[in-house]
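So this block is structure_7.pdb, PDB, C-alpha atoms, pLDDT in the B column:
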```
ATOM      1  CA  VAL A   1      75.955 206.545 109.573  1.00 91.00           C
ATOM      2  CA  GLN A   2      73.369 204.074 108.339  1.00 95.00           C
ATOM      3  CA  LEU A   3      71.316 201.898 110.649  1.00 96.00           C
ATOM      4  CA  GLN A   4      69.519 198.663 109.825  1.00 96.00           C
ATOM      5  CA  ALA A   5      67.100 197.202 112.355  1.00 97.00           C
ATOM      6  CA  SER A   6      65.953 193.597 112.311  1.00 97.00           C
ATOM      7  CA  GLY A   7      64.489 190.880 114.503  1.00 98.00           C
ATOM      8  CA  GLY A   8      60.874 191.938 114.834  1.00 97.00           C
ATOM      9  CA  GLY A   9      58.000 189.531 114.497  1.00 98.00           C
ATOM     10  CA  LEU A  10      54.877 188.065 116.018  1.00 98.00           C
ATOM     11  CA  VAL A  11      55.117 186.521 119.484  1.00 98.00           C
ATOM     12  CA  GLN A  12      52.689 185.473 122.174  1.00 98.00           C
ATOM     13  CA  ALA A  13      52.472 187.317 125.456  1.00 98.00           C
ATOM     14  CA  GLY A  14      55.234 186.184 127.779  1.00 98.00           C
ATOM     15  CA  GLY A  15      57.543 185.349 124.898  1.00 98.00           C
ATOM     16  CA  SER A  16      60.855 186.844 123.849  1.00 98.00           C
ATOM     17  CA  LEU A  17      62.372 188.589 120.868  1.00 98.00           C
ATOM     18  CA  ARG A  18      65.863 189.888 120.158  1.00 98.00           C
ATOM     19  CA  LEU A  19      66.174 192.991 118.029  1.00 98.00           C
ATOM     20  CA  SER A  20      69.411 193.948 116.336  1.00 97.00           C
ATOM     21  CA  CYS A  21      70.586 197.220 114.839  1.00 96.00           C
ATOM     22  CA  ALA A  22      73.601 197.054 112.573  1.00 95.00           C
ATOM     23  CA  ALA A  23      75.462 200.273 111.857  1.00 94.00           C
ATOM     24  CA  SER A  24      77.746 201.189 109.013  1.00 92.00           C
ATOM     25  CA  GLY A  25      79.964 204.221 108.788  1.00 88.00           C
ATOM     26  CA  SER A  26      83.029 205.640 110.431  1.00 84.00           C
ATOM     27  CA  SER A  27      83.894 206.318 114.067  1.00 85.00           C
ATOM     28  CA  LEU A  28      81.021 204.211 115.358  1.00 85.00           C
ATOM     29  CA  ASP A  29      82.684 204.035 118.769  1.00 84.00           C
ATOM     30  CA  ARG A  30      81.753 207.711 119.225  1.00 89.00           C
ATOM     31  CA  TYR A  31      78.021 207.095 119.032  1.00 93.00           C
ATOM     32  CA  ALA A  32      75.472 206.587 121.736  1.00 94.00           C
ATOM     33  CA  ARG A  33      72.735 204.253 120.551  1.00 96.00           C
ATOM     34  CA  ALA A  34      69.091 203.899 121.500  1.00 97.00           C
ATOM     35  CA  TRP A  35      65.840 202.157 120.813  1.00 98.00           C
ATOM     36  CA  PHE A  36      62.520 203.944 120.501  1.00 98.00           C
ATOM     37  CA  ARG A  37      59.118 202.559 119.641  1.00 98.00           C
ATOM     38  CA  GLN A  38      55.876 203.826 118.198  1.00 98.00           C
ATOM     39  CA  ALA A  39      52.603 202.070 118.795  1.00 97.00           C
ATOM     40  CA  PRO A  40      49.631 202.631 116.470  1.00 93.00           C
ATOM     41  CA  GLY A  41      48.058 206.007 117.138  1.00 95.00           C
ATOM     42  CA  LYS A  42      50.701 206.996 119.667  1.00 97.00           C
ATOM     43  CA  GLU A  43      53.816 209.111 119.695  1.00 97.00           C
ATOM     44  CA  ARG A  44      57.265 207.604 119.491  1.00 97.00           C
ATOM     45  CA  GLU A  45      58.663 206.831 122.937  1.00 97.00           C
ATOM     46  CA  PHE A  46      62.027 206.018 124.446  1.00 98.00           C
ATOM     47  CA  VAL A  47      62.764 202.366 125.225  1.00 98.00           C
ATOM     48  CA  ALA A  48      66.459 202.077 126.072  1.00 98.00           C
ATOM     49  CA  ALA A  49      69.850 203.626 125.382  1.00 97.00           C
ATOM     50  CA  ILE A  50      73.472 202.626 125.722  1.00 95.00           C
ATOM     51  CA  SER A  51      76.489 204.856 126.078  1.00 93.00           C
ATOM     52  CA  ARG A  52      79.235 205.038 123.482  1.00 90.00           C
ATOM     53  CA  SER A  53      81.470 202.997 125.797  1.00 88.00           C
ATOM     54  CA  GLY A  54      78.791 200.373 126.378  1.00 89.00           C
ATOM     55  CA  ARG A  55      79.237 200.657 130.132  1.00 91.00           C
ATOM     56  CA  GLN A  56      76.020 202.572 130.809  1.00 93.00           C
ATOM     57  CA  THR A  57      72.512 201.513 129.872  1.00 96.00           C
ATOM     58  CA  ILE A  58      69.311 203.427 130.537  1.00 96.00           C
ATOM     59  CA  TYR A  59      65.803 202.028 130.368  1.00 97.00           C
ATOM     60  CA  ALA A  60      62.312 203.444 130.303  1.00 97.00           C
ATOM     61  CA  ASP A  61      60.232 202.388 133.277  1.00 97.00           C
ATOM     62  CA  SER A  62      58.173 200.169 130.977  1.00 97.00           C
ATOM     63  CA  SER A  63      61.337 198.320 129.880  1.00 97.00           C
ATOM     64  CA  LYS A  64      63.148 197.872 133.175  1.00 97.00           C
ATOM     65  CA  GLY A  65      63.540 194.299 134.314  1.00 97.00           C
ATOM     66  CA  ARG A  66      62.330 192.875 130.997  1.00 98.00           C
ATOM     67  CA  PHE A  67      64.539 194.401 128.305  1.00 98.00           C
ATOM     68  CA  THR A  68      68.330 194.347 128.060  1.00 98.00           C
ATOM     69  CA  MET A  69      70.324 196.473 125.644  1.00 97.00           C
ATOM     70  CA  SER A  70      73.878 195.586 124.660  1.00 96.00           C
ATOM     71  CA  ARG A  71      76.480 196.438 122.016  1.00 92.00           C
ATOM     72  CA  ASP A  72      79.275 194.398 120.526  1.00 87.00           C
ATOM     73  CA  SER A  73      82.940 195.139 121.112  1.00 75.00           C
ATOM     74  CA  ALA A  74      83.335 196.689 117.681  1.00 78.00           C
ATOM     75  CA  LYS A  75      80.496 199.086 118.560  1.00 73.00           C
ATOM     76  CA  LYS A  76      78.763 198.362 115.274  1.00 90.00           C
ATOM     77  CA  THR A  77      75.764 196.310 116.396  1.00 94.00           C
ATOM     78  CA  VAL A  78      73.424 196.888 119.293  1.00 96.00           C
ATOM     79  CA  CYS A  79      70.824 194.417 120.460  1.00 97.00           C
ATOM     80  CA  LEU A  80      67.661 194.657 122.490  1.00 98.00           C
ATOM     81  CA  GLN A  81      66.726 191.430 124.244  1.00 98.00           C
ATOM     82  CA  MET A  82      63.052 191.608 125.110  1.00 98.00           C
ATOM     83  CA  ASN A  83      61.651 189.074 127.576  1.00 98.00           C
ATOM     84  CA  GLY A  84      58.245 188.805 129.165  1.00 98.00           C
ATOM     85  CA  LEU A  85      56.621 190.609 126.271  1.00 98.00           C
ATOM     86  CA  LYS A  86      53.184 192.124 126.765  1.00 98.00           C
ATOM     87  CA  PRO A  87      50.535 193.160 124.229  1.00 97.00           C
ATOM     88  CA  GLU A  88      51.309 196.782 125.101  1.00 97.00           C
ATOM     89  CA  ASP A  89      54.826 196.265 123.748  1.00 98.00           C
ATOM     90  CA  THR A  90      53.321 196.011 120.259  1.00 98.00           C
ATOM     91  CA  ALA A  91      54.924 198.757 118.168  1.00 98.00           C
ATOM     92  CA  VAL A  92      57.385 199.557 115.449  1.00 98.00           C
ATOM     93  CA  TYR A  93      60.816 199.650 117.051  1.00 98.00           C
ATOM     94  CA  TYR A  94      63.400 202.105 115.763  1.00 98.00           C
ATOM     95  CA  CYS A  95      67.101 202.210 116.483  1.00 97.00           C
ATOM     96  CA  ALA A  96      68.881 205.538 116.642  1.00 97.00           C
ATOM     97  CA  ALA A  97      72.388 206.917 116.984  1.00 96.00           C
ATOM     98  CA  ARG A  98      74.055 210.125 117.934  1.00 94.00           C
ATOM     99  CA  SER A  99      77.690 211.172 118.149  1.00 91.00           C
ATOM    100  CA  VAL A 100      78.546 212.241 121.705  1.00 88.00           C
ATOM    101  CA  ILE A 101      81.678 213.200 123.572  1.00 85.00           C
ATOM    102  CA  LEU A 102      82.926 210.597 126.013  1.00 79.00           C
ATOM    103  CA  THR A 103      81.806 212.425 129.162  1.00 80.00           C
ATOM    104  CA  ALA A 104      78.366 213.493 127.934  1.00 82.00           C
ATOM    105  CA  PRO A 105      75.201 211.964 129.381  1.00 86.00           C
ATOM    106  CA  THR A 106      73.610 209.321 127.202  1.00 89.00           C
ATOM    107  CA  PRO A 107      70.721 210.971 125.342  1.00 92.00           C
ATOM    108  CA  GLN A 108      67.181 209.803 126.027  1.00 93.00           C
ATOM    109  CA  GLN A 109      65.131 212.261 123.991  1.00 94.00           C
ATOM    110  CA  GLU A 110      64.046 211.543 120.442  1.00 95.00           C
ATOM    111  CA  SER A 111      65.147 215.023 119.354  1.00 94.00           C
ATOM    112  CA  GLU A 112      68.715 214.325 120.496  1.00 94.00           C
ATOM    113  CA  TYR A 113      69.249 211.547 117.951  1.00 95.00           C
ATOM    114  CA  ASN A 114      70.089 212.402 114.373  1.00 94.00           C
ATOM    115  CA  TYR A 115      70.473 208.981 112.750  1.00 96.00           C
ATOM    116  CA  TRP A 116      67.566 206.559 112.510  1.00 97.00           C
ATOM    117  CA  GLY A 117      66.956 203.087 111.185  1.00 95.00           C
ATOM    118  CA  GLN A 118      63.887 202.073 109.230  1.00 94.00           C
ATOM    119  CA  GLY A 119      62.076 200.288 112.070  1.00 95.00           C
ATOM    120  CA  THR A 120      61.148 196.699 112.741  1.00 98.00           C
ATOM    121  CA  GLU A 121      57.646 195.677 113.726  1.00 98.00           C
ATOM    122  CA  VAL A 122      56.903 193.793 116.925  1.00 98.00           C
ATOM    123  CA  THR A 123      53.463 192.325 117.537  1.00 98.00           C
ATOM    124  CA  VAL A 124      52.601 190.662 120.825  1.00 98.00           C
ATOM    125  CA  SER A 125      49.388 188.670 120.885  1.00 97.00           C
ATOM    126  CA  SER A 126      47.397 188.085 124.060  1.00 94.00           C
TER     127      SER A 126
END
```

Please re-express this file's structure in structure tokens.
Amino acid sequence: VQLQASGGGLVQAGGSLRLSCAASGSSLDRYARAWFRQAPGKEREFVAAISRSGRQTIYADSSKGRFTMSRDSAKKTVCLQMNGLKPEDTAVYYCAARSVILTAPTPQQESEYNYWGQGTEVTVSS
């Protein structure tokens, strides 16, 4: 599985961005997908995840109410709609994927994901 993230950029506080992560490979409908981010000088942290079915989404406390994760019907592309952006959202955003069985919980830990995209940079100015 290969992942390609896009959509980052520079935005003012309160603005919006939409990140996309396109996947290529086989059996993509078997993969849970997630977004993580890493701010300068900090460790990578969980942002959001979506189940392989697309019916369950999980958000970090810092993302709830502002970010929305979705996936298309073909399960190839996931998006992260980010509204109400804050300067503390400034980071490199990475998409990730992991093959899971249908009944398994959607992973939220970085160590649980074995496929990663290259990252897309988001900068929020105050």

Inset, instruction - Determine the residue membership of the PyMOL selection byres ((chain A and resi 31) around 7) for the file above and supply it as a PyMOL selection string. - result: chain A and resi 28-30+32-33+52+97-100

Taking C-alpha atoms for each residue, export the selection above as a tab-separated table (two decimals), keeping the file's coordinate frame.
```tsv
chain	number	residue	atom	x	y	z
A	28	LEU	CA	81.02	204.21	115.36
A	29	ASP	CA	82.68	204.04	118.77
A	30	ARG	CA	81.75	207.71	119.22
A	32	ALA	CA	75.47	206.59	121.74
A	33	ARG	CA	72.74	204.25	120.55
A	52	ARG	CA	79.24	205.04	123.48
A	97	ALA	CA	72.39	206.92	116.98
A	98	ARG	CA	74.06	210.12	117.93
A	99	SER	CA	77.69	211.17	118.15
A	100	VAL	CA	78.55	212.24	121.70
```

Inset, instruction - Take the point (72.3, 206.1, 129.7) in the file's coordinates, draw a sphere of radius 12 Å around it, and report as a list in words every protein, DNA or RNA residue with an atom inside or on it, counting all atoms listed in the file. - result: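 Within 12 Å of (72.3, 206.1, 129.7), the protein and nucleic acid residues are Ala32, Arg33, Ala34, Trp35, Phe46, Val47, Ala48, Ala49, Ile50, Ser51, Arg52, Ser53, Gly54, Arg55, Gln56, Thr57, Ile58, Tyr59, Ala60, Met69, Ser70, Val100, Thr103, Ala104, Pro105, Thr106, Pro107, Gln108 and Gln109 of chain A.
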
Inset, instruction - Considering all atoms listed in the file, state which residue in the set A:Val124, A:Leu19, A:Asp89, A:Ala5 is at the smallest distance from Ala39 (chain A). - result: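 So, comparing all the options, the nearest one is A:Asp89.
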
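Taking CA of Cys95 (chain A) and CA of Gly117 (chain A) as endpoints, the distance between them is 5.4 Å.
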
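In terms of minimum interatomic distance to Glu45 (chain A), A:Ala91 ranks closest within A:Ala91, A:Ala23, A:Leu85, A:Ala74, counting all atoms listed in the file.
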
Legend entry - Contact residues around Gly65 (chain A) with only C-alpha atoms at 10 Å, ignoring same-chain residues under 3 positions, as a VMD selection string: chain A and resid 59 61 to 62 68 82 to 84

Filtering to C-alpha atoms, could you give me those residues as a PDB file, keeping the file's coordinate frame?
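As written to disk, part.pdb reads:
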```pdb
ATOM      1  CA  TYR A  59      65.803 202.028 130.368  1.00 97.00           C
ATOM      2  CA  ASP A  61      60.232 202.388 133.277  1.00 97.00           C
ATOM      3  CA  SER A  62      58.173 200.169 130.977  1.00 97.00           C
ATOM      4  CA  THR A  68      68.330 194.347 128.060  1.00 98.00           C
ATOM      5  CA  MET A  82      63.052 191.608 125.110  1.00 98.00           C
ATOM      6  CA  ASN A  83      61.651 189.074 127.576  1.00 98.00           C
ATOM      7  CA  GLY A  84      58.245 188.805 129.165  1.00 98.00           C
TER       8      GLY A  84
END
```

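What the PyMOL selection byres ((chain A and resi 6-17) around 9) picks from this file is A:Gln4, A:Ala5, A:Arg18, A:Leu19, A:Ser20, A:Cys21, A:Ala22, A:Leu80, A:Gln81, A:Met82, A:Asn83, A:Gly84, A:Leu85, A:Lys86, A:Pro87, A:Val92, A:Tyr93, A:Gly119, A:Thr120, A:Glu121, A:Val122, A:Thr123, A:Val124, A:Ser125, A:Ser126.
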
Inset, instruction - State, in Å with one decimal place, the distance from CA of Phe36 (chain A) to CA of Tyr113 (chain A). - result: 10.5 Å

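Of note, CA of Pro40 (chain A) and CA of Arg71 (chain A) are spaced 28.1 Å apart.
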
Inset, instruction - Would you please work out which residue, of A:Asn114, A:Lys64, A:Glu43, A:Ala96, is nearest to Cys79 (chain A) when using all atoms listed in the file? - result: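 Checking each candidate against Cys79 (chain A), we get A:Ala96 as the closest.
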
Since the input has fewer atoms than a full residue there, write region 19-41 of chain A out with N, CA, C and O atoms, as a CSV table (one decimal), in the frame of the given file.
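For reference, out.csv as written:
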```
chain,number,residue,atom,x,y,z
A,19,LEU,N,66.0,192.0,119.1
A,19,LEU,CA,66.2,193.0,118.0
A,19,LEU,C,67.6,193.3,117.9
A,19,LEU,O,68.4,193.4,118.8
A,20,SER,N,68.0,193.5,116.6
A,20,SER,CA,69.4,193.9,116.3
A,20,SER,C,69.4,195.2,115.5
A,20,SER,O,68.5,195.4,114.7
A,21,CYS,N,70.4,196.0,115.7
A,21,CYS,CA,70.6,197.2,114.8
A,21,CYS,C,72.0,197.3,114.4
A,21,CYS,O,72.9,197.5,115.2
A,22,ALA,N,72.3,197.0,113.1
A,22,ALA,CA,73.6,197.1,112.6
A,22,ALA,C,73.9,198.4,112.0
A,22,ALA,O,73.1,199.0,111.3
A,23,ALA,N,75.1,198.9,112.3
A,23,ALA,CA,75.5,200.3,111.9
A,23,ALA,C,76.6,200.2,110.9
A,23,ALA,O,77.5,199.3,111.0
A,24,SER,N,76.6,201.1,109.9
A,24,SER,CA,77.7,201.2,109.0
A,24,SER,C,78.2,202.6,109.0
A,24,SER,O,77.3,203.5,109.1
A,25,GLY,N,79.4,202.9,108.8
A,25,GLY,CA,80.0,204.2,108.8
A,25,GLY,C,81.3,204.3,109.6
A,25,GLY,O,81.8,203.3,110.0
A,26,SER,N,81.7,205.5,109.8
A,26,SER,CA,83.0,205.6,110.4
A,26,SER,C,82.8,206.1,111.9
A,26,SER,O,81.8,206.6,112.2
A,27,SER,N,83.9,205.9,112.7
A,27,SER,CA,83.9,206.3,114.1
A,27,SER,C,82.7,205.9,114.9
A,27,SER,O,82.1,206.7,115.7
A,28,LEU,N,82.2,204.7,114.7
A,28,LEU,CA,81.0,204.2,115.4
A,28,LEU,C,81.2,204.1,116.9
A,28,LEU,O,80.2,204.1,117.6
A,29,ASP,N,82.4,204.1,117.3
A,29,ASP,CA,82.7,204.0,118.8
A,29,ASP,C,82.4,205.4,119.4
A,29,ASP,O,82.4,205.5,120.7
A,30,ARG,N,82.1,206.4,118.7
A,30,ARG,CA,81.8,207.7,119.2
A,30,ARG,C,80.2,207.9,119.4
A,30,ARG,O,79.8,209.0,119.7
A,31,TYR,N,79.5,206.9,119.1
A,31,TYR,CA,78.0,207.1,119.0
A,31,TYR,C,77.3,206.4,120.2
A,31,TYR,O,77.5,205.2,120.5
A,32,ALA,N,76.4,207.2,120.8
A,32,ALA,CA,75.5,206.6,121.7
A,32,ALA,C,74.4,206.0,120.9
A,32,ALA,O,74.1,206.5,119.8
A,33,ARG,N,73.8,204.9,121.3
A,33,ARG,CA,72.7,204.3,120.6
A,33,ARG,C,71.5,204.1,121.4
A,33,ARG,O,71.5,204.0,122.7
A,34,ALA,N,70.4,204.0,120.8
A,34,ALA,CA,69.1,203.9,121.5
A,34,ALA,C,68.0,203.1,120.7
A,34,ALA,O,68.2,203.0,119.5
A,35,TRP,N,67.0,202.7,121.4
A,35,TRP,CA,65.8,202.2,120.8
A,35,TRP,C,64.6,203.0,121.2
A,35,TRP,O,64.5,203.4,122.4
A,36,PHE,N,63.8,203.3,120.3
A,36,PHE,CA,62.5,203.9,120.5
A,36,PHE,C,61.4,203.1,119.9
A,36,PHE,O,61.7,202.2,119.1
A,37,ARG,N,60.2,203.3,120.3
A,37,ARG,CA,59.1,202.6,119.6
A,37,ARG,C,57.9,203.5,119.4
A,37,ARG,O,57.7,204.5,120.2
A,38,GLN,N,57.1,203.1,118.5
A,38,GLN,CA,55.9,203.8,118.2
A,38,GLN,C,54.7,202.9,118.0
A,38,GLN,O,54.7,202.1,117.0
A,39,ALA,N,53.8,202.9,118.9
A,39,ALA,CA,52.6,202.1,118.8
A,39,ALA,C,51.6,202.8,117.9
A,39,ALA,O,51.6,204.0,117.7
A,40,PRO,N,50.6,202.0,117.3
A,40,PRO,CA,49.6,202.6,116.5
A,40,PRO,C,48.9,203.7,117.2
A,40,PRO,O,48.4,203.5,118.3
A,41,GLY,N,48.8,204.9,116.6
A,41,GLY,CA,48.1,206.0,117.1
A,41,GLY,C,48.7,206.7,118.3
A,41,GLY,O,48.1,207.6,118.9
```
